[in-house]
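Novice: My structure is in entry.cif, and what it holds is mmCIF, C-alpha atoms:
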```
data_run
loop_
_atom_site.group_PDB
_atom_site.id
_atom_site.type_symbol
_atom_site.label_atom_id
_atom_site.label_comp_id
_atom_site.auth_asym_id
_atom_site.auth_seq_id
_atom_site.Cartn_x
_atom_site.Cartn_y
_atom_site.Cartn_z
ATOM 1 C CA GLY A 1 -12.314 3.422 -24.294
ATOM 2 C CA VAL A 2 -11.429 3.831 -20.610
ATOM 3 C CA PRO A 3 -9.365 1.129 -18.832
ATOM 4 C CA LEU A 4 -11.200 -0.545 -15.966
ATOM 5 C CA GLU A 5 -8.122 -0.105 -13.772
ATOM 6 C CA ARG A 6 -8.402 3.674 -14.159
ATOM 7 C CA ILE A 7 -12.107 3.638 -13.319
ATOM 8 C CA ALA A 8 -11.447 1.497 -10.250
ATOM 9 C CA ALA A 9 -8.733 3.899 -9.111
ATOM 10 C CA GLU A 10 -11.005 6.927 -9.510
ATOM 11 C CA VAL A 11 -14.328 5.670 -8.129
ATOM 12 C CA GLY A 12 -13.276 2.765 -5.925
ATOM 13 C CA THR A 13 -14.553 -0.775 -5.917
ATOM 14 C CA PRO A 14 -16.897 -2.558 -6.094
ATOM 15 C CA ALA A 15 -18.539 -0.715 -8.976
ATOM 16 C CA TYR A 16 -20.787 -1.538 -11.890
ATOM 17 C CA VAL A 17 -19.391 -0.200 -15.161
ATOM 18 C CA TYR A 18 -21.614 0.060 -18.213
ATOM 19 C CA SER A 19 -20.647 0.507 -21.846
ATOM 20 C CA ALA A 20 -22.589 3.362 -23.414
ATOM 21 C CA ALA A 21 -21.505 2.196 -26.867
ATOM 22 C CA THR A 22 -22.895 -1.298 -26.228
ATOM 23 C CA LEU A 23 -26.218 0.059 -24.968
ATOM 24 C CA ARG A 24 -26.540 2.300 -28.012
ATOM 25 C CA ARG A 25 -25.606 -0.498 -30.399
ATOM 26 C CA HIS A 26 -28.131 -2.901 -28.860
ATOM 27 C CA ALA A 27 -30.852 -0.260 -29.042
ATOM 28 C CA GLN A 28 -30.004 0.376 -32.691
ATOM 29 C CA VAL A 29 -30.108 -3.354 -33.503
ATOM 30 C CA VAL A 30 -33.613 -3.618 -32.028
ATOM 31 C CA GLN A 31 -34.730 -0.439 -33.785
ATOM 32 C CA GLN A 32 -33.403 -1.759 -37.091
ATOM 33 C CA ALA A 33 -35.105 -5.141 -36.577
ATOM 34 C CA LEU A 34 -38.467 -3.378 -36.144
ATOM 35 C CA SER A 35 -37.912 -0.657 -38.739
ATOM 36 C CA GLY A 36 -40.335 -2.252 -41.190
ATOM 37 C CA LEU A 37 -43.238 -1.540 -38.831
ATOM 38 C CA ASP A 38 -45.291 1.651 -38.724
ATOM 39 C CA ASN A 39 -44.126 3.832 -35.801
ATOM 40 C CA PRO A 40 -43.466 1.076 -33.234
ATOM 41 C CA LEU A 41 -42.877 2.015 -29.600
ATOM 42 C CA ILE A 42 -39.806 0.303 -28.164
ATOM 43 C CA ALA A 43 -40.149 0.697 -24.396
ATOM 44 C CA PHE A 44 -37.093 -0.517 -22.478
ATOM 45 C CA ALA A 45 -38.111 -2.743 -19.545
ATOM 46 C CA VAL A 46 -36.708 -0.684 -16.690
ATOM 47 C CA LYS A 47 -36.655 -3.763 -14.422
ATOM 48 C CA ALA A 48 -33.732 -5.016 -16.534
ATOM 49 C CA ASN A 49 -31.556 -2.091 -15.415
ATOM 50 C CA PRO A 50 -33.002 0.877 -13.480
ATOM 51 C CA ASN A 51 -29.740 2.859 -13.388
ATOM 52 C CA VAL A 52 -30.711 6.428 -14.334
ATOM 53 C CA ALA A 53 -27.512 6.946 -16.358
ATOM 54 C CA VAL A 54 -28.334 3.820 -18.387
ATOM 55 C CA LEU A 55 -31.921 4.999 -18.876
ATOM 56 C CA ARG A 56 -30.669 8.411 -20.008
ATOM 57 C CA ILE A 57 -28.540 6.823 -22.753
ATOM 58 C CA LEU A 58 -31.504 4.791 -23.986
ATOM 59 C CA ALA A 59 -33.858 7.785 -23.811
ATOM 60 C CA ARG A 60 -31.472 9.766 -26.026
ATOM 61 C CA GLN A 61 -31.530 6.823 -28.430
ATOM 62 C CA GLY A 62 -35.294 7.290 -28.723
ATOM 63 C CA LEU A 63 -36.479 4.431 -26.529
ATOM 64 C CA GLY A 64 -39.459 4.645 -24.208
ATOM 65 C CA ALA A 65 -39.859 2.844 -20.881
ATOM 66 C CA ASP A 66 -41.902 -0.086 -19.620
ATOM 67 C CA VAL A 67 -42.275 0.363 -15.851
ATOM 68 C CA VAL A 68 -43.842 -1.687 -13.052
ATOM 69 C CA SER A 69 -43.717 0.784 -10.152
ATOM 70 C CA ALA A 70 -43.953 4.488 -9.411
ATOM 71 C CA GLY A 71 -40.238 4.427 -8.591
ATOM 72 C CA GLU A 72 -39.362 3.053 -12.022
ATOM 73 C CA MET A 73 -41.633 5.655 -13.604
ATOM 74 C CA GLN A 74 -39.907 8.459 -11.681
ATOM 75 C CA ARG A 75 -36.503 7.146 -12.783
ATOM 76 C CA ALA A 76 -37.607 7.039 -16.422
ATOM 77 C CA LEU A 77 -38.953 10.590 -16.262
ATOM 78 C CA ALA A 78 -35.787 11.803 -14.496
ATOM 79 C CA ALA A 79 -33.716 10.200 -17.276
ATOM 80 C CA GLY A 80 -35.568 12.174 -19.922
ATOM 81 C CA VAL A 81 -38.035 9.577 -21.206
ATOM 82 C CA PRO A 82 -41.110 11.559 -22.357
ATOM 83 C CA ALA A 83 -44.304 10.658 -20.497
ATOM 84 C CA ASP A 84 -45.971 9.763 -23.791
ATOM 85 C CA ARG A 85 -43.403 6.977 -24.271
ATOM 86 C CA ILE A 86 -43.996 5.312 -20.879
ATOM 87 C CA VAL A 87 -46.155 2.204 -20.386
ATOM 88 C CA PHE A 88 -47.045 1.073 -16.843
ATOM 89 C CA SER A 89 -47.386 -2.710 -16.432
ATOM 90 C CA GLY A 90 -47.436 -5.004 -13.393
ATOM 91 C CA VAL A 91 -49.986 -6.875 -11.296
ATOM 92 C CA GLY A 92 -49.431 -4.940 -8.054
ATOM 93 C CA LYS A 93 -50.200 -1.301 -8.875
ATOM 94 C CA THR A 94 -51.339 0.546 -5.756
ATOM 95 C CA ASP A 95 -53.937 3.323 -5.802
ATOM 96 C CA ALA A 96 -51.133 5.831 -5.207
ATOM 97 C CA GLU A 97 -49.204 4.462 -8.194
ATOM 98 C CA LEU A 98 -52.265 4.596 -10.450
ATOM 99 C CA ALA A 99 -52.825 8.197 -9.393
ATOM 100 C CA ALA A 100 -49.159 9.063 -9.988
ATOM 101 C CA ALA A 101 -49.300 7.561 -13.481
ATOM 102 C CA LEU A 102 -52.391 9.619 -14.297
ATOM 103 C CA ASP A 103 -50.803 12.790 -12.936
ATOM 104 C CA ALA A 104 -47.666 12.175 -15.022
ATOM 105 C CA GLY A 105 -49.753 11.782 -18.185
ATOM 106 C CA ILE A 106 -48.113 8.566 -19.343
ATOM 107 C CA LEU A 107 -49.067 6.913 -22.608
ATOM 108 C CA GLN A 108 -50.771 3.784 -21.304
ATOM 109 C CA LEU A 109 -51.553 1.603 -18.320
ATOM 110 C CA ASN A 110 -51.624 -2.149 -18.958
ATOM 111 C CA VAL A 111 -54.505 -3.366 -16.780
ATOM 112 C CA GLU A 112 -53.899 -6.793 -15.253
ATOM 113 C CA SER A 113 -57.183 -7.570 -13.435
ATOM 114 C CA GLU A 114 -60.846 -6.674 -13.175
ATOM 115 C CA SER A 115 -60.332 -5.107 -9.763
ATOM 116 C CA GLU A 116 -57.512 -2.908 -11.060
ATOM 117 C CA LEU A 117 -59.762 -1.649 -13.861
ATOM 118 C CA PHE A 118 -62.493 -0.585 -11.444
ATOM 119 C CA ARG A 119 -59.995 1.048 -9.068
ATOM 120 C CA LEU A 120 -58.442 2.946 -11.964
ATOM 121 C CA SER A 121 -61.854 4.118 -13.163
ATOM 122 C CA ARG A 122 -62.687 5.467 -9.703
ATOM 123 C CA ILE A 123 -59.332 7.255 -9.377
ATOM 124 C CA ALA A 124 -59.400 8.726 -12.900
ATOM 125 C CA ASP A 125 -62.986 9.899 -12.519
ATOM 126 C CA SER A 126 -62.190 11.575 -9.183
ATOM 127 C CA ARG A 127 -59.345 13.444 -10.912
ATOM 128 C CA GLN A 128 -61.555 14.389 -13.858
ATOM 129 C CA THR A 129 -59.145 12.758 -16.271
ATOM 130 C CA VAL A 130 -59.157 9.764 -18.607
ATOM 131 C CA ALA A 131 -56.847 6.761 -18.338
ATOM 132 C CA THR A 132 -55.818 5.231 -21.643
ATOM 133 C CA ILE A 133 -55.464 1.493 -21.078
ATOM 134 C CA ALA A 134 -54.612 -1.793 -22.714
ATOM 135 C CA ILE A 135 -55.924 -4.999 -21.221
ATOM 136 C CA ARG A 136 -53.170 -7.495 -20.599
ATOM 137 C CA VAL A 137 -54.161 -10.899 -21.919
ATOM 138 C CA ASN A 138 -53.045 -14.223 -20.497
ATOM 139 C CA PRO A 139 -52.928 -16.253 -23.736
ATOM 140 C CA ASP A 140 -52.167 -19.603 -22.029
ATOM 141 C CA VAL A 141 -48.991 -20.234 -24.030
ATOM 142 C CA ASP A 142 -46.018 -22.150 -22.646
ATOM 143 C CA ALA A 143 -42.944 -20.013 -23.257
ATOM 144 C CA HIS A 144 -40.561 -22.998 -22.751
ATOM 145 C CA THR A 145 -38.427 -21.028 -20.325
ATOM 146 C CA LEU A 146 -37.687 -21.300 -16.600
ATOM 147 C CA ALA A 147 -40.848 -21.721 -14.508
ATOM 148 C CA LYS A 148 -40.211 -18.593 -12.427
ATOM 149 C CA ILE A 149 -39.934 -16.330 -15.478
ATOM 150 C CA SER A 150 -42.840 -17.831 -17.417
ATOM 151 C CA THR A 151 -45.740 -15.366 -17.376
ATOM 152 C CA GLY A 152 -48.207 -16.451 -20.072
ATOM 153 C CA LYS A 153 -49.625 -19.799 -18.913
ATOM 154 C CA ALA A 154 -53.101 -20.159 -17.439
ATOM 155 C CA GLU A 155 -51.733 -20.793 -13.935
ATOM 156 C CA ASN A 156 -49.606 -17.605 -13.964
ATOM 157 C CA LYS A 157 -50.746 -14.479 -12.111
ATOM 158 C CA PHE A 158 -50.346 -12.112 -15.058
ATOM 159 C CA GLY A 159 -53.148 -10.766 -17.213
ATOM 160 C CA ILE A 160 -56.799 -11.586 -17.900
ATOM 161 C CA PRO A 161 -57.726 -15.089 -19.118
ATOM 162 C CA LEU A 162 -58.273 -15.017 -22.861
ATOM 163 C CA ASP A 163 -61.941 -16.035 -22.659
ATOM 164 C CA ARG A 164 -62.762 -13.109 -20.328
ATOM 165 C CA VAL A 165 -61.124 -10.294 -22.261
ATOM 166 C CA GLU A 166 -63.956 -9.450 -24.670
ATOM 167 C CA ALA A 167 -66.490 -8.925 -21.889
ATOM 168 C CA LEU A 168 -64.052 -6.879 -19.811
ATOM 169 C CA TYR A 169 -63.043 -4.734 -22.798
ATOM 170 C CA ALA A 170 -66.713 -3.944 -23.437
ATOM 171 C CA THR A 171 -67.162 -3.079 -19.771
ATOM 172 C CA ALA A 172 -64.080 -0.854 -19.825
ATOM 173 C CA ALA A 173 -65.551 1.132 -22.712
ATOM 174 C CA THR A 174 -68.535 2.059 -20.516
ATOM 175 C CA LEU A 175 -66.602 3.049 -17.376
ATOM 176 C CA PRO A 176 -66.031 6.691 -16.430
ATOM 177 C CA GLY A 177 -62.436 7.813 -16.770
ATOM 178 C CA ILE A 178 -61.378 4.844 -18.935
ATOM 179 C CA ARG A 179 -60.445 4.695 -22.628
ATOM 180 C CA PRO A 180 -59.568 1.182 -23.815
ATOM 181 C CA ALA A 181 -57.052 1.519 -26.648
ATOM 182 C CA GLY A 182 -55.678 -1.994 -27.068
ATOM 183 C CA ILE A 183 -54.452 -5.291 -25.723
ATOM 184 C CA ALA A 184 -51.113 -6.515 -24.386
ATOM 185 C CA ALA A 185 -49.304 -9.775 -23.670
ATOM 186 C CA HIS A 186 -45.931 -10.876 -22.328
ATOM 187 C CA ILE A 187 -45.397 -14.627 -22.021
ATOM 188 C CA GLY A 188 -42.010 -14.814 -20.324
ATOM 189 C CA SER A 189 -38.354 -13.901 -20.216
ATOM 190 C CA GLN A 190 -35.206 -15.402 -21.756
ATOM 191 C CA LEU A 191 -37.139 -16.976 -24.633
ATOM 192 C CA LEU A 192 -34.942 -19.041 -26.943
ATOM 193 C CA ASP A 193 -37.588 -20.062 -29.485
ATOM 194 C CA LEU A 194 -39.822 -17.821 -31.598
ATOM 195 C CA ALA A 195 -42.598 -20.414 -31.888
ATOM 196 C CA PRO A 196 -44.321 -19.657 -28.531
ATOM 197 C CA LEU A 197 -44.221 -15.946 -29.315
ATOM 198 C CA GLU A 198 -45.750 -16.537 -32.731
ATOM 199 C CA THR A 199 -48.498 -18.658 -31.157
ATOM 200 C CA ALA A 200 -49.277 -15.955 -28.605
ATOM 201 C CA TYR A 201 -49.315 -13.231 -31.246
ATOM 202 C CA GLY A 202 -51.667 -15.309 -33.379
ATOM 203 C CA LYS A 203 -54.074 -15.493 -30.435
ATOM 204 C CA LEU A 204 -53.827 -11.732 -29.958
ATOM 205 C CA GLY A 205 -54.599 -11.145 -33.639
ATOM 206 C CA ALA A 206 -57.693 -13.348 -33.464
ATOM 207 C CA LEU A 207 -58.812 -11.602 -30.265
ATOM 208 C CA MET A 208 -58.296 -8.197 -31.879
ATOM 209 C CA ALA A 209 -60.503 -9.240 -34.799
ATOM 210 C CA ARG A 210 -63.249 -10.408 -32.432
ATOM 211 C CA LEU A 211 -63.104 -7.184 -30.449
ATOM 212 C CA ARG A 212 -63.417 -5.091 -33.598
ATOM 213 C CA ALA A 213 -66.249 -7.275 -34.870
ATOM 214 C CA GLY A 214 -68.014 -6.526 -31.580
ATOM 215 C CA GLY A 215 -67.699 -2.802 -32.191
ATOM 216 C CA GLN A 216 -64.674 -2.099 -30.003
ATOM 217 C CA VAL A 217 -61.773 0.164 -30.966
ATOM 218 C CA VAL A 218 -58.304 -1.450 -30.922
ATOM 219 C CA GLU A 219 -55.540 0.999 -31.807
ATOM 220 C CA ARG A 220 -52.516 -0.595 -30.134
ATOM 221 C CA VAL A 221 -51.132 -4.037 -29.383
ATOM 222 C CA ASP A 222 -48.302 -4.435 -26.879
ATOM 223 C CA LEU A 223 -46.364 -7.584 -27.808
ATOM 224 C CA GLY A 224 -44.181 -7.548 -24.667
ATOM 225 C CA GLY A 225 -40.549 -8.588 -24.643
ATOM 226 C CA GLY A 226 -38.606 -11.592 -23.434
ATOM 227 C CA LEU A 227 -36.307 -12.415 -26.344
ATOM 228 C CA GLY A 228 -33.355 -14.324 -24.883
ATOM 229 C CA ILE A 229 -29.637 -13.633 -24.999
ATOM 230 C CA SER A 230 -26.606 -15.908 -24.983
ATOM 231 C CA TYR A 231 -25.169 -16.822 -21.589
ATOM 232 C CA ASP A 232 -23.186 -19.870 -22.733
ATOM 233 C CA PRO A 233 -21.453 -19.825 -26.133
ATOM 234 C CA ALA A 234 -21.449 -23.641 -26.114
ATOM 235 C CA LEU A 235 -25.257 -23.642 -26.398
ATOM 236 C CA PRO A 236 -27.235 -22.850 -29.560
ATOM 237 C CA ALA A 237 -27.543 -19.134 -30.233
ATOM 238 C CA PRO A 238 -30.911 -17.533 -29.433
ATOM 239 C CA PRO A 239 -33.032 -16.053 -32.243
ATOM 240 C CA THR A 240 -31.682 -12.769 -33.592
ATOM 241 C CA PRO A 241 -33.641 -9.536 -33.268
ATOM 242 C CA ALA A 242 -33.802 -9.480 -37.083
ATOM 243 C CA ALA A 243 -35.461 -12.915 -37.152
ATOM 244 C CA TYR A 244 -37.876 -11.781 -34.451
ATOM 245 C CA GLY A 245 -38.702 -8.603 -36.386
ATOM 246 C CA ALA A 246 -39.368 -10.570 -39.563
ATOM 247 C CA MET A 247 -41.728 -12.902 -37.679
ATOM 248 C CA VAL A 248 -43.599 -9.955 -36.149
ATOM 249 C CA GLN A 249 -43.951 -8.257 -39.523
ATOM 250 C CA ARG A 250 -45.359 -11.440 -41.052
ATOM 251 C CA VAL A 251 -47.778 -12.277 -38.222
ATOM 252 C CA THR A 252 -49.114 -8.740 -37.734
ATOM 253 C CA ALA A 253 -49.480 -7.778 -41.404
ATOM 254 C CA GLY A 254 -52.813 -6.022 -41.869
ATOM 255 C CA TRP A 255 -53.508 -5.478 -38.171
ATOM 256 C CA GLY A 256 -53.645 -1.706 -38.586
ATOM 257 C CA VAL A 257 -52.397 -0.931 -35.066
ATOM 258 C CA ARG A 258 -49.402 0.672 -33.407
ATOM 259 C CA LEU A 259 -47.215 -2.128 -32.093
ATOM 260 C CA MET A 260 -45.360 -1.818 -28.790
ATOM 261 C CA PHE A 261 -42.394 -3.811 -27.466
ATOM 262 C CA GLU A 262 -40.723 -4.197 -24.070
ATOM 263 C CA PRO A 263 -37.136 -5.448 -24.540
ATOM 264 C CA GLY A 264 -35.033 -5.612 -21.387
ATOM 265 C CA ARG A 265 -32.097 -7.988 -21.063
ATOM 266 C CA LEU A 266 -31.817 -8.012 -24.871
ATOM 267 C CA ILE A 267 -30.485 -4.446 -24.567
ATOM 268 C CA ALA A 268 -28.843 -4.402 -21.131
ATOM 269 C CA GLY A 269 -27.884 -8.048 -20.612
ATOM 270 C CA ASN A 270 -24.186 -7.939 -21.463
ATOM 271 C CA ALA A 271 -23.603 -4.183 -21.456
ATOM 272 C CA GLY A 272 -21.894 -4.021 -18.068
ATOM 273 C CA VAL A 273 -19.342 -5.579 -15.761
ATOM 274 C CA LEU A 274 -18.876 -5.716 -12.011
ATOM 275 C CA VAL A 275 -15.410 -4.461 -11.102
ATOM 276 C CA ALA A 276 -13.988 -5.790 -7.823
ATOM 277 C CA ARG A 277 -10.655 -5.969 -6.058
ATOM 278 C CA VAL A 278 -9.072 -9.077 -4.599
ATOM 279 C CA ILE A 279 -8.836 -8.693 -0.827
ATOM 280 C CA THR A 280 -7.055 -11.944 -0.160
ATOM 281 C CA VAL A 281 -6.420 -15.427 -1.499
ATOM 282 C CA LYS A 282 -7.288 -18.193 0.949
ATOM 283 C CA THR A 283 -6.052 -21.769 0.527
ATOM 284 C CA GLY A 284 -8.486 -24.420 1.722
ATOM 285 C CA LEU A 285 -8.141 -28.192 1.937
ATOM 286 C CA LYS A 286 -9.712 -28.885 -1.446
ATOM 287 C CA ARG A 287 -9.752 -25.560 -3.272
ATOM 288 C CA THR A 288 -8.380 -22.036 -3.322
ATOM 289 C CA PHE A 289 -10.727 -19.151 -2.545
ATOM 290 C CA VAL A 290 -10.324 -15.687 -4.028
ATOM 291 C CA VAL A 291 -12.033 -13.205 -1.693
ATOM 292 C CA LEU A 292 -13.363 -10.038 -3.362
ATOM 293 C CA ASP A 293 -14.608 -6.717 -2.023
ATOM 294 C CA ALA A 294 -17.841 -7.327 -3.943
#
```
Please express what this file holds, its structure, as structure tokens.

Specialist:
Amino acid sequence: GVPLERIAAEVGTPAYVYSAATLRRHAQVVQQALSGLDNPLIAFAVKANPNVAVLRILARQGLGADVVSAGEMQRALAAGVPADRIVFSGVGKTDAELAAALDAGILQLNVESESELFRLSRIADSRQTVATIAIRVNPDVDAHTLAKISTGKAENKFGIPLDRVEALYATAATLPGIRPAGIAAHIGSQLLDLAPLETAYGKLGALMARLRAGGQVVERVDLGGGLGISYDPALPAPPTPAAYGAMVQRVTAGWGVRLMFEPGRLIAGNAGVLVARVITVKTGLKRTFVVLDA
């Protein structure tokens, strides 16, 4: 409801301008799509937009935060996201970041490697606290997206190979300072087809059943994010959040867990604009260049 020209006059350019109404509407659409589930945690992927004002809007809408660094965690906390709605993912957690997450009392750390698990156990035990974890699974599923944003194939650096998870989960249950609560997966970003997600979730469901059959407790399953958005109206539209929610409800029926989700661009992708001023127009031999202050 505020003209961009007025904003530019008041704050200067270049500036990013975000629509609070759009952010709220997108959050509500995702919440509605998952409303048939029992107490799901929708944790906004802070990497998609770490602006504290944006995070504050989403926190007030009831969203949690998926973070991959201590800095992102601090931003989420500063924006009013409760610690018990924060999940810490990422392959490169330092000892200092693991300690900070424990001190903040966040809901869950998604463990990405054997070495991280043992480091976390040592740090938690030294602090006389318990880290609640999920083990991130690499399900070896091709997400059919760009190679650099595909995260669930066997050659990708993310997560534990599927055939190693049961042994590591059992080990985690014996380690001091560790409480394994579930499993997690995220196969990629900008996904335009629900089929790879359904395949990955099917593998997680089978793994969950095997873990429980082996005597392990599985209370939560983090299904990640990655649902794509439209960048080109000439191309087929991506799956709707409602279609995604219906698929999740069908695939996970009877799991008896709390489901967790990490939407990012789905909420923030088209909620902002970059406002710039034209400095000059330059005529070249073959084209005209518009030079901006951005």

Novice: Give the answer as one residue: which of A:Ala99, A:Val275, A:Ile267, A:Val281 has the shortest atom-to-atom distance to Thr13 (chain A), using only C-alpha atoms?

Specialist: A:Val275

Novice: From the options A:Thr22, A:Ser115, A:Thr280, A:Asn39, which residue's atoms come nearest to Leu266 (chain A), counting only C-alpha atoms?

Specialist: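 Under the stated criterion, the closest residue is A:Thr22.
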
Novice: Name the residues, using the chain letters and numbers of the file, that sit within 9 Å of (-34.0, -19.6, -30.4) when counting only C-alpha atoms, and give them as a PDB file with C-alpha atoms, in the coordinates of the input.

Specialist:
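Ended up saving to point30.pdb:
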```pdb
ATOM      1  CA  LEU A 191     -37.139 -16.976 -24.633  1.00  0.00           C
ATOM      2  CA  LEU A 192     -34.942 -19.041 -26.943  1.00  0.00           C
ATOM      3  CA  ASP A 193     -37.588 -20.062 -29.485  1.00  0.00           C
ATOM      4  CA  LEU A 194     -39.822 -17.821 -31.598  1.00  0.00           C
ATOM      5  CA  ALA A 195     -42.598 -20.414 -31.888  1.00  0.00           C
ATOM      6  CA  LEU A 227     -36.307 -12.415 -26.344  1.00  0.00           C
ATOM      7  CA  GLY A 228     -33.355 -14.324 -24.883  1.00  0.00           C
ATOM      8  CA  PRO A 236     -27.235 -22.850 -29.560  1.00  0.00           C
ATOM      9  CA  ALA A 237     -27.543 -19.134 -30.233  1.00  0.00           C
ATOM     10  CA  PRO A 238     -30.911 -17.533 -29.433  1.00  0.00           C
ATOM     11  CA  PRO A 239     -33.032 -16.053 -32.243  1.00  0.00           C
ATOM     12  CA  THR A 240     -31.682 -12.769 -33.592  1.00  0.00           C
TER      13      THR A 240
END
```

Novice: Starting from the PyMOL selection byres ((chain A and resi 62) around 10), expand the selection into actual residues of this file and give them as a PDB file with C-alpha atoms, in the coordinates of the input.

Specialist:
```
ATOM      1  CA  ALA A  27     -30.852  -0.260 -29.042  1.00  0.00           C
ATOM      2  CA  GLN A  28     -30.004   0.376 -32.691  1.00  0.00           C
ATOM      3  CA  GLN A  31     -34.730  -0.439 -33.785  1.00  0.00           C
ATOM      4  CA  LEU A  41     -42.877   2.015 -29.600  1.00  0.00           C
ATOM      5  CA  ILE A  42     -39.806   0.303 -28.164  1.00  0.00           C
ATOM      6  CA  ALA A  43     -40.149   0.697 -24.396  1.00  0.00           C
ATOM      7  CA  ARG A  56     -30.669   8.411 -20.008  1.00  0.00           C
ATOM      8  CA  ILE A  57     -28.540   6.823 -22.753  1.00  0.00           C
ATOM      9  CA  LEU A  58     -31.504   4.791 -23.986  1.00  0.00           C
ATOM     10  CA  ALA A  59     -33.858   7.785 -23.811  1.00  0.00           C
ATOM     11  CA  ARG A  60     -31.472   9.766 -26.026  1.00  0.00           C
ATOM     12  CA  GLN A  61     -31.530   6.823 -28.430  1.00  0.00           C
ATOM     13  CA  LEU A  63     -36.479   4.431 -26.529  1.00  0.00           C
ATOM     14  CA  GLY A  64     -39.459   4.645 -24.208  1.00  0.00           C
ATOM     15  CA  VAL A  81     -38.035   9.577 -21.206  1.00  0.00           C
ATOM     16  CA  PRO A  82     -41.110  11.559 -22.357  1.00  0.00           C
ATOM     17  CA  ARG A  85     -43.403   6.977 -24.271  1.00  0.00           C
TER      18      ARG A  85
END
```

Novice: Given the file above and the PyMOL selection byres ((chain A and resi 268) around 12), which residues are selected, and can you give them as a ChimeraX atom specification?

Specialist: /A:17-27,30,44-51,54-55,57-58,228-229,263-267,269-273
